[in-house]
$ cat target.txt   # compact mmCIF, C-alpha atoms
# COMPACT_ATOMS: atom_id res chain seq x y z
CA MET A 23 123.97 -40.40 153.35
CA ASN A 24 124.38 -43.93 154.71
CA THR A 25 126.39 -44.51 157.87
CA PRO A 26 129.73 -42.82 157.14
CA ARG A 27 132.94 -44.82 157.28
CA LEU A 28 135.21 -42.76 159.54
CA TRP A 29 138.81 -43.18 160.59
CA TYR A 30 140.49 -41.08 163.24
CA ALA A 31 144.18 -40.12 163.50
CA GLY A 32 145.58 -38.47 166.62
CA THR A 33 147.81 -38.98 169.61
CA PRO A 34 147.59 -36.74 172.74
CA ALA A 35 144.74 -35.80 175.07
CA PHE A 36 143.68 -32.94 172.78
CA ALA A 37 142.88 -35.52 170.10
CA ALA A 38 141.44 -38.13 172.45
CA HIS A 39 138.81 -35.66 173.66
CA SER A 40 137.36 -35.21 170.16
CA LEU A 41 137.50 -38.96 169.53
CA GLN A 42 135.45 -39.56 172.66
CA ALA A 43 133.02 -36.81 171.63
CA LEU A 44 132.48 -38.51 168.26
CA ILE A 45 131.78 -41.83 169.97
CA ASP A 46 129.43 -40.21 172.47
CA ALA A 47 127.58 -38.51 169.60
CA GLY A 48 126.91 -41.91 168.00
CA TYR A 49 129.45 -41.88 165.18
CA ASN A 50 131.00 -45.23 164.34
CA ILE A 51 134.80 -45.09 164.08
CA ASP A 52 136.09 -47.98 161.96
CA GLY A 53 139.78 -47.49 162.72
CA VAL A 54 142.14 -45.32 164.73
CA LEU A 55 145.71 -44.36 163.87
CA THR A 56 148.03 -43.12 166.60
CA GLN A 57 151.72 -42.83 167.35
CA PRO A 58 153.59 -45.93 168.57
CA ASP A 59 153.84 -46.37 172.33
CA ARG A 60 156.60 -44.16 173.75
CA PRO A 61 158.65 -44.20 176.99
CA ALA A 62 157.15 -41.91 179.62
CA GLY A 63 157.54 -41.04 183.28
CA ARG A 64 160.47 -41.57 185.61
CA GLY A 65 160.68 -45.26 184.80
CA ARG A 66 160.55 -44.59 181.04
CA LYS A 67 157.93 -47.30 180.69
CA LEU A 68 156.33 -47.74 177.27
CA THR A 69 153.02 -45.91 177.45
CA ALA A 70 150.04 -45.89 175.10
CA SER A 71 148.88 -42.54 173.76
CA ALA A 72 145.68 -40.98 175.06
CA VAL A 73 144.02 -41.74 171.72
CA LYS A 74 145.07 -45.39 171.88
CA GLN A 75 143.67 -45.67 175.38
CA THR A 76 140.33 -44.25 174.22
CA ALA A 77 140.21 -46.52 171.18
CA THR A 78 141.09 -49.56 173.28
CA ALA A 79 138.31 -48.77 175.75
CA HIS A 80 135.81 -48.83 172.90
CA HIS A 81 137.30 -51.85 171.09
CA ILE A 82 138.17 -49.87 167.96
CA PRO A 83 140.88 -51.34 165.68
CA ILE A 84 144.20 -49.52 166.12
CA ALA A 85 147.17 -48.98 163.81
CA GLN A 86 150.48 -47.49 165.01
CA PRO A 87 152.77 -47.14 162.00
CA GLU A 88 156.11 -45.35 162.32
CA LYS A 89 155.49 -44.04 158.80
CA LEU A 90 152.64 -44.19 156.31
CA HIS A 91 153.47 -46.21 153.20
CA ALA A 92 151.24 -46.38 150.12
CA ASP A 93 152.17 -50.02 149.55
CA ALA A 94 151.05 -50.93 153.07
CA PRO A 95 148.01 -48.80 153.96
CA PRO A 96 146.58 -49.10 157.45
CA PHE A 97 143.61 -51.43 157.93
CA PRO A 98 143.86 -53.15 154.52
CA GLU A 99 141.01 -55.41 155.58
CA LEU A 100 138.60 -52.45 155.90
CA PRO A 101 136.84 -50.57 153.09
CA ARG A 102 138.31 -47.21 152.26
CA PRO A 103 136.93 -44.57 154.63
CA ASP A 104 134.67 -41.73 153.57
CA LEU A 105 136.63 -39.32 155.77
CA ILE A 106 139.66 -39.32 158.05
CA ILE A 107 139.56 -36.90 160.99
CA VAL A 108 143.02 -35.77 162.15
CA ALA A 109 144.00 -34.02 165.40
CA ALA A 110 147.60 -33.65 166.61
CA TYR A 111 148.58 -36.96 165.03
CA GLY A 112 152.30 -36.21 164.82
CA LEU A 113 153.06 -37.90 161.48
CA LEU A 114 153.44 -36.17 158.14
CA LEU A 115 150.54 -37.23 155.95
CA PRO A 116 151.75 -38.03 152.41
CA PRO A 117 149.67 -37.10 149.35
CA TRP A 118 148.43 -40.65 148.81
CA PHE A 119 147.02 -40.74 152.34
CA LEU A 120 145.29 -37.36 152.00
CA ALA A 121 143.55 -38.72 148.89
CA TYR A 122 142.79 -42.14 150.37
CA PRO A 123 139.33 -41.30 151.83
CA ARG A 124 136.48 -40.37 149.50
CA LEU A 125 136.15 -36.93 151.15
CA GLY A 126 139.80 -36.50 152.03
CA CYS A 127 141.13 -35.63 155.48
CA ILE A 128 140.09 -32.85 157.85
CA ASN A 129 142.11 -31.43 160.72
CA ILE A 130 141.13 -29.95 164.08
CA HIS A 131 143.64 -27.08 164.35
CA ALA A 132 144.07 -24.92 167.47
CA SER A 133 144.40 -21.48 165.90
CA LEU A 134 142.62 -18.95 163.73
CA LEU A 135 144.23 -19.76 160.40
CA PRO A 136 146.34 -18.53 158.69
CA ARG A 137 147.76 -17.31 161.99
CA TRP A 138 149.88 -19.93 163.72
CA ARG A 139 150.20 -22.70 161.22
CA GLY A 140 152.46 -25.43 162.55
CA ALA A 141 153.30 -27.43 165.64
CA ALA A 142 152.78 -25.14 168.64
CA PRO A 143 149.89 -22.74 167.96
CA ILE A 144 148.65 -22.58 171.56
CA GLN A 145 152.03 -21.67 173.03
CA ARG A 146 152.96 -19.21 170.30
CA ALA A 147 149.67 -17.35 170.61
CA ILE A 148 150.28 -16.73 174.33
CA GLU A 149 153.95 -15.89 173.78
CA ALA A 150 153.06 -13.32 171.11
CA GLY A 151 150.46 -11.64 173.32
CA ASP A 152 147.48 -12.50 171.10
CA LYS A 153 144.14 -11.47 172.57
CA GLU A 154 142.23 -14.35 170.99
CA THR A 155 142.70 -17.70 169.35
CA GLY A 156 140.35 -20.47 168.37
CA ILE A 157 139.68 -23.67 166.47
CA GLY A 158 139.67 -24.22 162.73
CA ILE A 159 138.22 -27.33 161.10
CA MET A 160 140.39 -27.48 158.00
CA GLN A 161 140.33 -29.55 154.82
CA MET A 162 143.87 -30.90 154.63
CA ASP A 163 146.07 -30.44 151.58
CA GLU A 164 149.76 -31.01 150.92
CA GLY A 165 150.86 -27.72 152.53
CA LEU A 166 151.54 -27.07 156.21
CA ASP A 167 148.09 -26.17 157.56
CA THR A 168 147.26 -24.37 154.30
CA GLY A 169 143.91 -26.01 153.54
CA ALA A 170 140.52 -24.32 153.26
CA VAL A 171 138.57 -23.89 156.51
CA TRP A 172 135.13 -25.42 157.02
CA GLN A 173 134.39 -23.80 160.36
CA GLU A 174 136.08 -21.41 162.77
CA SER A 175 135.32 -20.88 166.47
CA ARG A 176 136.92 -18.00 168.38
CA LEU A 177 138.13 -17.95 171.98
CA ALA A 178 139.51 -15.08 174.07
CA ILE A 179 142.90 -15.62 175.70
CA ALA A 180 142.69 -14.68 179.39
CA PRO A 181 145.49 -12.59 180.94
CA ASP A 182 146.38 -15.46 183.27
CA ASP A 183 146.08 -18.29 180.74
CA THR A 184 148.96 -20.73 180.59
CA ALA A 185 149.43 -23.11 177.68
CA ALA A 186 147.88 -25.77 179.92
CA THR A 187 144.68 -23.86 180.73
CA LEU A 188 144.24 -22.59 177.17
CA HIS A 189 144.85 -26.10 175.82
CA ASP A 190 142.01 -27.50 177.91
CA ARG A 191 139.53 -24.85 176.76
CA LEU A 192 140.55 -25.29 173.13
CA MET A 193 140.30 -29.06 173.51
CA GLN A 194 136.62 -28.73 174.45
CA LEU A 195 136.02 -26.12 171.76
CA GLY A 196 137.63 -28.39 169.19
CA ALA A 197 135.25 -31.24 169.95
CA ASP A 198 132.22 -28.93 169.93
CA THR A 199 133.23 -27.34 166.63
CA LEU A 200 133.90 -30.70 165.00
CA LEU A 201 130.49 -32.07 165.93
CA ARG A 202 128.80 -28.91 164.68
CA THR A 203 130.67 -29.02 161.35
CA LEU A 204 130.83 -32.73 160.54
CA PRO A 205 127.31 -33.08 159.08
CA ASP A 206 128.04 -30.41 156.45
CA ILE A 207 131.34 -32.07 155.54
CA LEU A 208 129.79 -35.52 155.19
CA THR A 209 126.90 -34.26 153.04
CA GLN A 210 129.03 -31.69 151.17
CA THR A 211 126.19 -29.19 151.46
CA ARG A 212 128.66 -26.30 151.35
CA VAL A 213 132.32 -25.70 150.56
CA PRO A 214 135.17 -24.64 152.87
CA THR A 215 136.62 -21.11 152.73
CA PRO A 216 140.19 -20.68 151.41
CA GLN A 217 142.58 -19.13 153.90
CA ALA A 218 143.62 -15.51 153.56
CA THR A 219 146.99 -14.93 151.95
CA GLU A 220 147.87 -12.17 154.42
CA GLY A 221 148.70 -12.62 158.10
CA VAL A 222 150.42 -15.99 157.78
CA THR A 223 152.56 -16.93 160.81
CA TYR A 224 154.27 -20.17 161.78
CA ALA A 225 154.13 -21.76 165.21
CA HIS A 226 157.49 -23.49 165.28
CA LYS A 227 157.99 -26.28 167.79
CA LEU A 228 159.26 -25.07 171.17
CA SER A 229 162.81 -25.89 172.18
CA LYS A 230 164.40 -26.17 175.61
CA ALA A 231 167.02 -23.63 174.56
CA GLU A 232 164.50 -20.84 174.08
CA ALA A 233 162.92 -21.58 177.46
CA GLN A 234 165.84 -19.88 179.23
CA LEU A 235 164.77 -16.39 180.26
CA ASP A 236 166.75 -13.30 179.33
CA TRP A 237 166.31 -10.67 182.04
CA GLN A 238 167.15 -7.91 179.56
CA GLN A 239 163.85 -8.55 177.78
CA PRO A 240 160.73 -6.48 178.60
CA ILE A 241 158.68 -7.66 181.54
CA ALA A 242 155.61 -8.36 179.38
CA THR A 243 157.68 -10.68 177.17
CA LEU A 244 159.00 -12.57 180.18
CA ALA A 245 155.55 -12.98 181.74
CA ARG A 246 154.12 -14.30 178.49
CA LYS A 247 156.97 -16.76 178.00
CA ILE A 248 156.50 -18.22 181.47
CA ARG A 249 152.79 -18.76 180.80
CA ALA A 250 153.35 -20.04 177.26
CA TYR A 251 155.96 -22.62 178.27
CA ASN A 252 153.83 -24.14 181.05
CA PRO A 253 153.54 -27.18 181.07
CA VAL A 254 156.27 -27.83 178.45
CA PRO A 255 159.18 -27.11 178.27
CA ILE A 256 158.89 -24.81 181.36
CA ALA A 257 160.70 -21.48 181.41
CA TYR A 258 163.83 -21.40 183.54
CA THR A 259 166.60 -19.19 184.82
CA ASN A 260 169.82 -19.90 186.69
CA LEU A 261 170.20 -19.45 190.44
CA ASP A 262 173.62 -20.10 191.98
CA GLY A 263 174.60 -22.01 188.85
CA GLU A 264 171.56 -24.29 188.89
CA PRO A 265 168.32 -24.06 186.89
CA LEU A 266 165.28 -22.62 188.61
CA ARG A 267 162.07 -23.44 186.70
CA LEU A 268 159.28 -20.85 186.73
CA TYR A 269 155.70 -22.06 186.28
CA ASP A 270 153.54 -19.02 186.98
CA ALA A 271 154.21 -15.30 187.08
CA HIS A 272 152.51 -11.98 186.46
CA ILE A 273 153.46 -8.32 186.15
CA HIS A 274 153.38 -6.83 189.64
CA SER A 275 154.59 -3.36 188.76
CA THR A 276 155.60 -1.42 185.66
CA THR A 277 157.80 0.93 187.66
CA PRO A 278 161.47 0.02 187.09
CA ALA A 279 163.28 -1.19 190.20
CA ALA A 280 166.56 0.30 191.41
CA ALA A 281 168.14 -3.16 191.30
CA ALA A 282 169.72 -4.72 188.21
CA PRO A 283 167.47 -6.91 186.01
CA GLY A 284 167.32 -10.45 187.38
CA THR A 285 167.72 -9.39 191.01
CA ILE A 286 165.24 -10.88 193.47
CA THR A 287 164.10 -7.76 195.30
CA ALA A 288 161.76 -9.52 197.75
CA HIS A 289 160.68 -12.99 198.82
CA HIS A 290 157.47 -12.78 200.83
CA GLU A 291 154.03 -14.27 201.42
CA HIS A 292 152.93 -13.38 197.87
CA GLY A 293 155.86 -14.95 196.05
CA LEU A 294 159.15 -13.88 194.51
CA ASP A 295 159.62 -10.35 193.13
CA ILE A 296 162.22 -10.04 190.37
CA ALA A 297 163.57 -6.78 188.95
CA CYS A 298 163.15 -6.35 185.19
CA ILE A 299 164.20 -3.52 182.92
CA ASP A 300 160.69 -2.04 183.04
CA GLY A 301 159.05 -3.31 186.19
CA ILE A 302 158.72 -6.04 188.80
CA LEU A 303 157.78 -9.60 187.85
CA ARG A 304 156.11 -11.63 190.60
CA VAL A 305 156.68 -15.40 190.43
CA THR A 306 154.13 -17.47 192.32
CA ARG A 307 155.14 -21.04 191.45
CA LEU A 308 158.58 -22.50 190.82
CA GLN A 309 160.73 -25.61 191.01
CA GLN A 310 164.25 -26.17 192.31
CA PRO A 311 166.50 -28.91 190.88
CA GLY A 312 165.54 -32.37 192.13
CA LYS A 313 162.43 -31.13 193.92
CA ALA A 314 158.74 -30.87 193.17
CA ALA A 315 157.16 -27.64 191.97
CA THR A 316 155.95 -25.52 194.86
CA ASP A 317 154.44 -22.16 195.72
CA ALA A 318 157.17 -19.55 195.70
CA ALA A 319 155.86 -18.11 198.94
CA ALA A 320 156.22 -21.42 200.81
CA LEU A 321 159.85 -21.74 199.77
CA ARG A 322 160.88 -18.67 201.80
CA HIS A 323 160.59 -20.54 205.11
CA GLY A 324 163.43 -22.86 204.16
CA ARG A 325 165.32 -20.72 201.67
CA ASN A 326 164.71 -17.00 201.45
CA LEU A 327 166.01 -15.81 198.10
CA SER A 328 165.88 -12.05 198.65
CA GLY A 329 168.93 -10.33 197.18
CA LYS A 330 169.92 -13.24 194.93
CA THR A 331 170.64 -12.64 191.25
CA LEU A 332 169.19 -14.75 188.46
CA THR A 333 171.06 -15.22 185.21
$ encode --input "target.txt" --output "structure tokens"
Amino acid sequence: MNTPRLWYAGTPAFAAHSLQALIDAGYNIDGVLTQPDRPAGRGRKLTASAVKQTATAHHIPIAQPEKLHADAPPFPELPRPDLIIVAAYGLLLPPWFLAYPRLGCINIHASLLPRWRGAAPIQRAIEAGDKETGIGIMQMDEGLDTGAVWQESRLAIAPDDTAATLHDRLMQLGADTLLRTLPDILTQTRVPTPQATEGVTYAHKLSKAEAQLDWQQPIATLARKIRAYNPVPIAYTNLDGEPLRLYDAHIHSTTPAAAAPGTITAHHEHGLDIACIDGILRVTRLQQPGKAATDAAALRHGRNLSGKTLT
């Protein structure tokens, strides 16, 4: 086919990586849609999204609508695109928009569909103890991540993966899978595969409320939550009436401790050992209120927490 007219819709770093990969591969992006600038950082300064920064660096026209309206489509001065590529855009795409490009819209989704449809597939996969995840290049329809899948790439979840480390590996895999699949989509040389009707799960958005740890839960559940909620919203517990945020932890022992669940049984050069109902959880990185995150081991020189109880 002739040079395809492509638009791109996305917001965070996950999406910006694939946009850059498309540019590097020689694809011409006619327009980019991204979320409006949002306050960020301690000063709450308005900050451009990662996708906007990438588009700006390459002088690509940018649209930042709060909502998508059929009577005011983005880039009215441009011809209708052949395809819109979507990755973590953050806006609900109405039916008129899905039908706007000649070939519709495709999505770079970070799960093996139909498992983990929805907003937080990376975090929910870790939290649930999944052994693998992956990327699906999906033809978008009006449902929530229900469209047929053009291509799937699988990725093992490592025992020490946090949402941050898994995100970065999936981000690269997403770009690679998109570039491998895009020629077939543009030429329509094959058709996507409908999703299975069994095994559907929903990756609901994470809330701060569920980030509070319950020391009556099994140790494996607690370890997975801590990894799944790093870097956002960060799992926490209460120490002396103040929140203590836990960034990294692993199962140290599956032998139940004599102490009550939530008791810090030791604070030593390897970190913080916490009694659970079915073992000892070792925390290696944490954050006290008003302070920067630090190694748990280093904290013992100024504040040894042995014997304290977490709630």
$ residues_around --input "target.txt" --residues "A:Ile296" --least-positions-apart "4" --cutoff "10 Å" --atoms "all atoms listed in the file" --output "JSON, numbers by chain"
{"A": [237, 241, 273, 274, 279, 281, 282, 283, 284, 285, 286, 287, 288, 289, 301, 302, 303, 304, 305, 328, 329, 330, 331, 332]}
$ write_last_selection --input "target.txt" --atoms "C-alpha atoms" --output "short mmCIF file (atom, residue, chain, number, x, y, z; two decimals), keeping the file's coordinate frame"
data_model
loop_
_atom_site.label_atom_id
_atom_site.label_comp_id
_atom_site.auth_asym_id
_atom_site.auth_seq_id
_atom_site.Cartn_x
_atom_site.Cartn_y
_atom_site.Cartn_z
CA TRP A 237 166.31 -10.67 182.04
CA ILE A 241 158.68 -7.66 181.54
CA ILE A 273 153.46 -8.32 186.15
CA HIS A 274 153.38 -6.83 189.64
CA ALA A 279 163.28 -1.19 190.20
CA ALA A 281 168.14 -3.16 191.30
CA ALA A 282 169.72 -4.72 188.21
CA PRO A 283 167.47 -6.91 186.01
CA GLY A 284 167.32 -10.45 187.38
CA THR A 285 167.72 -9.39 191.01
CA ILE A 286 165.24 -10.88 193.47
CA THR A 287 164.10 -7.76 195.30
CA ALA A 288 161.76 -9.52 197.75
CA HIS A 289 160.68 -12.99 198.82
CA GLY A 301 159.05 -3.31 186.19
CA ILE A 302 158.72 -6.04 188.80
CA LEU A 303 157.78 -9.60 187.85
CA ARG A 304 156.11 -11.63 190.60
CA VAL A 305 156.68 -15.40 190.43
CA SER A 328 165.88 -12.05 198.65
CA GLY A 329 168.93 -10.33 197.18
CA LYS A 330 169.92 -13.24 194.93
CA THR A 331 170.64 -12.64 191.25
CA LEU A 332 169.19 -14.75 188.46
#
$ closest_residue --input "target.txt" --among "A:Gly169, A:Pro26, A:Pro61, A:Gly53" --to "A:Asp104" --atoms "only C-alpha atoms"
A:Pro26
$ closest_residue --input "target.txt" --among "A:Thr243, A:Thr184, A:Thr277, A:Thr76" --to "A:Thr56" --atoms "all atoms listed in the file"
A:Thr76
$ residues_around --input "target.txt" --residues "stretch 145-153 of chain A" --least-positions-apart "4" --cutoff "12 Å" --atoms "all atoms listed in the file" --output "PDB file with C-alpha atoms, keeping the file's coordinate frame"
ATOM      1  CA  ALA A 132     144.070 -24.920 167.470  1.00  0.00           C
ATOM      2  CA  SER A 133     144.400 -21.480 165.900  1.00  0.00           C
ATOM      3  CA  LEU A 134     142.620 -18.950 163.730  1.00  0.00           C
ATOM      4  CA  LEU A 135     144.230 -19.760 160.400  1.00  0.00           C
ATOM      5  CA  ARG A 137     147.760 -17.310 161.990  1.00  0.00           C
ATOM      6  CA  TRP A 138     149.880 -19.930 163.720  1.00  0.00           C
ATOM      7  CA  ARG A 139     150.200 -22.700 161.220  1.00  0.00           C
ATOM      8  CA  GLY A 140     152.460 -25.430 162.550  1.00  0.00           C
ATOM      9  CA  ALA A 141     153.300 -27.430 165.640  1.00  0.00           C
ATOM     10  CA  ARG A 176     136.920 -18.000 168.380  1.00  0.00           C
ATOM     11  CA  LEU A 177     138.130 -17.950 171.980  1.00  0.00           C
ATOM     12  CA  ALA A 178     139.510 -15.080 174.070  1.00  0.00           C
ATOM     13  CA  ILE A 179     142.900 -15.620 175.700  1.00  0.00           C
ATOM     14  CA  ALA A 180     142.690 -14.680 179.390  1.00  0.00           C
ATOM     15  CA  PRO A 181     145.490 -12.590 180.940  1.00  0.00           C
ATOM     16  CA  ASP A 182     146.380 -15.460 183.270  1.00  0.00           C
ATOM     17  CA  ASP A 183     146.080 -18.290 180.740  1.00  0.00           C
ATOM     18  CA  THR A 184     148.960 -20.730 180.590  1.00  0.00           C
ATOM     19  CA  ALA A 185     149.430 -23.110 177.680  1.00  0.00           C
ATOM     20  CA  ALA A 186     147.880 -25.770 179.920  1.00  0.00           C
ATOM     21  CA  THR A 187     144.680 -23.860 180.730  1.00  0.00           C
ATOM     22  CA  LEU A 188     144.240 -22.590 177.170  1.00  0.00           C
ATOM     23  CA  HIS A 189     144.850 -26.100 175.820  1.00  0.00           C
ATOM     24  CA  THR A 223     152.560 -16.930 160.810  1.00  0.00           C
ATOM     25  CA  TYR A 224     154.270 -20.170 161.780  1.00  0.00           C
ATOM     26  CA  ALA A 225     154.130 -21.760 165.210  1.00  0.00           C
ATOM     27  CA  HIS A 226     157.490 -23.490 165.280  1.00  0.00           C
ATOM     28  CA  LYS A 227     157.990 -26.280 167.790  1.00  0.00           C
ATOM     29  CA  LEU A 228     159.260 -25.070 171.170  1.00  0.00           C
ATOM     30  CA  SER A 229     162.810 -25.890 172.180  1.00  0.00           C
ATOM     31  CA  GLU A 232     164.500 -20.840 174.080  1.00  0.00           C
ATOM     32  CA  ALA A 233     162.920 -21.580 177.460  1.00  0.00           C
ATOM     33  CA  ALA A 242     155.610  -8.360 179.380  1.00  0.00           C
ATOM     34  CA  THR A 243     157.680 -10.680 177.170  1.00  0.00           C
ATOM     35  CA  LEU A 244     159.000 -12.570 180.180  1.00  0.00           C
ATOM     36  CA  ALA A 245     155.550 -12.980 181.740  1.00  0.00           C
ATOM     37  CA  ARG A 246     154.120 -14.300 178.490  1.00  0.00           C
ATOM     38  CA  LYS A 247     156.970 -16.760 178.000  1.00  0.00           C
ATOM     39  CA  ILE A 248     156.500 -18.220 181.470  1.00  0.00           C
ATOM     40  CA  ARG A 249     152.790 -18.760 180.800  1.00  0.00           C
ATOM     41  CA  ALA A 250     153.350 -20.040 177.260  1.00  0.00           C
ATOM     42  CA  TYR A 251     155.960 -22.620 178.270  1.00  0.00           C
ATOM     43  CA  ASN A 252     153.830 -24.140 181.050  1.00  0.00           C
ATOM     44  CA  PRO A 253     153.540 -27.180 181.070  1.00  0.00           C
ATOM     45  CA  VAL A 254     156.270 -27.830 178.450  1.00  0.00           C
ATOM     46  CA  PRO A 255     159.180 -27.110 178.270  1.00  0.00           C
ATOM     47  CA  ILE A 256     158.890 -24.810 181.360  1.00  0.00           C
ATOM     48  CA  ALA A 257     160.700 -21.480 181.410  1.00  0.00           C
TER      49      ALA A 257
END
$ closest_residue --input "target.txt" --among "A:Leu200, A:Leu120, A:Arg322, A:Ala110" --to "A:Gly165" --atoms "all atoms listed in the file"
A:Leu120
$ closest_residue --input "target.txt" --among "A:Arg102, A:Tyr258, A:Glu164, A:Pro311" --to "A:Ala231" --atoms "all atoms listed in the file"
A:Tyr258
